[in-house]
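Worksheet: the structure to be examined is printed underneath.
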Amino acid sequence: HSFPTRRSSDLLRQMRTAGQGFARKNLHFTKICAILEIENLYLEVKVQMFEVNAYLMYAKCGVCQVAAVGEPQCAGLEAGQAYYTLRPVYGNETIFLPVDAKVALRPILARTQAEALLGEIPALLEQYAAERPKMEQRALAGYYRDLLKSGEVLDALRLLGYIYGKRQGKPAYKLCQTDRLYAARAEELLCGELAVALGVPREEIAQKLSPVLA
């Protein structure tokens with residue numbers, strides 16, 4: 001078992017916060033929190049480095065698989081430094097990441113978590129659309145960038161909810177370039193993680209979500 005890192009606690013707190021006033025009305029949402037609560041118990045027992053073959057969400061490039069852990073035989077890397085050798089699931093590059101790097105890196109959702117979350121996405125988008133902060137157009141890129149930088153699935157949904165809120169009741173509303181670029185990236189990260197967690201093609205997840213994200 002790949003034990004979750006401290007970021008599982010952050011995800012759990014986000015789920016709790018997002019669910020205030022909403023969880024009471026939605027049994028499925030509370031099930032997600034319960035699942036995360038169980039996973040979070042591992043933190044009290046053991047926190048370890050990610051193991052070879054584990055699937056991780058790396059905010060910079062999406063879902064990756066750990067190909068190796070240790071000092072790679074590769075020129076240009078720091079001698080004596082342990083690295084994760086990461087292979088993106090949806091890419092051809094190889095990434096060498098120091099094991100102690102201060103980056104957003106976490107295990108992907110477990111299958112049960114992904115199944116529960118998938119059913120709640122329409123309701124979460126509605127909620128995040130209603131909660132979206134008011135800000136000037138010039139501040140949007142920074143707001144979107146910070147959400148995606150966290151690497152958390154709920155932050156990707158929060159970004160999509162913000163954009164979803166702009167289009168509610170406005171069939172002819174045209175998104176600006178900033179909206180389109182960041183929405184596409186958020187959808188890519190979200191669908192990629194759900195697809196790997198559920199063992200299905202990413203296109204299948206995208207097709208399921210297209211009616212609510214369109």
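Residues in the structure tokens are numbered from 1 in each chain, the chains being A, B, ... in the order shown, and ligands are numbered from 1 in the order shown.
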
Q: Give me the residues within 8 Å of A:Pro72 as a ChimeraX atom specification, counting only C-alpha atoms and dropping any in the same chain fewer than 6 places off.
A: /A:82-83,85

Requested write-out: C-alpha atoms of the selected residues, as a PDB file, in the first residue's frame:
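Wrote again.pdb, looks like this:
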```pdb
ATOM      1  CA  ALA A  82      17.801  10.586  -4.238  1.00  0.00           C
ATOM      2  CA  TYR A  83      15.282  11.196  -7.002  1.00  0.00           C
ATOM      3  CA  THR A  85      12.075   8.853 -11.723  1.00  0.00           C
TER       4      THR A  85
END
```

Q | Selection: 12 Å around stretch 91-103 of chain A, only C-alpha atoms, excl. self and same-chain fewer than 6 positions, as a PyMOL selection string | A | chain A and resi 7+48-51+57-85+149-151+192

Q) Which neighbours of A:Tyr144 fall inside 10 Å, counting only C-alpha atoms, when residues of the same chain fewer than 3 positions from it are skipped, and could you give them as JSON, numbers by chain? A) {"A": [139, 140, 141, 147, 148, 149, 155, 156, 158, 159, 160, 162, 178, 179, 181, 182, 183, 186]}

**Q.** Atomic separation - atom CA of A:Leu118 relative to atom CA of A:Leu198, Å
**A.**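 Taking atom CA of A:Leu198 and atom CA of A:Leu118, their separation equals 10.2 Å.
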
Q. Separation of atom CA of A:Ile205 and atom CA of A:Arg167, in Å?
A.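 Taking atom CA of A:Ile205 and atom CA of A:Arg167, their separation equals 21.8 Å.
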
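One finds atom CA of A:Leu154 at 10.0 Å from atom CA of A:Leu125.
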
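Nearest residue to A:Leu109, choosing from A:Leu194, A:Arg132, A:Leu124, A:Val200 and counting only C-alpha atoms: A:Leu194.
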
(Q) Ranking A:Arg185, A:Val89, A:Gln168, A:Gly119 by minimum distance to A:Arg145 and counting only C-alpha atoms, which one comes first? (A) A:Arg185

Q | Nearby residues (only C-alpha atoms) at most 9 Å from A:Val212, same-chain spacing under 3 positions excluded, as a PyMOL selection string | A | chain A and resi 121-122+125+164+208-209

Just to be explicit: take each residue in the selection above, keep N, CA and C atoms, and write the result as a short mmCIF file (atom, residue, chain, number, x, y, z; two decimals), in the first residue's frame.
```cif
data_model
loop_
_atom_site.label_atom_id
_atom_site.label_comp_id
_atom_site.auth_asym_id
_atom_site.auth_seq_id
_atom_site.Cartn_x
_atom_site.Cartn_y
_atom_site.Cartn_z
N ILE A 121 -19.63 15.39 -9.12
CA ILE A 121 -19.09 16.53 -9.87
C ILE A 121 -20.16 17.55 -10.27
N PRO A 122 -21.31 17.15 -10.80
CA PRO A 122 -22.32 18.16 -11.15
C PRO A 122 -22.71 19.03 -9.95
N LEU A 125 -19.82 21.42 -8.97
CA LEU A 125 -19.71 22.55 -9.90
C LEU A 125 -20.75 23.61 -9.58
N TYR A 164 -17.85 27.63 -14.92
CA TYR A 164 -19.22 27.14 -15.08
C TYR A 164 -20.21 28.22 -14.66
N LYS A 208 -18.11 11.33 -20.29
CA LYS A 208 -19.11 11.32 -19.22
C LYS A 208 -19.32 12.71 -18.65
N LEU A 209 -18.24 13.49 -18.59
CA LEU A 209 -18.32 14.82 -17.98
C LEU A 209 -18.70 15.92 -18.96
#
```

Q) Which one is closest to A:Ile163: A:Thr112, A:Gln177, A:Asn53, A:Gln207? Count only C-alpha atoms. A)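 Looking at the shortest contact to A:Ile163, the residue is A:Gln177.
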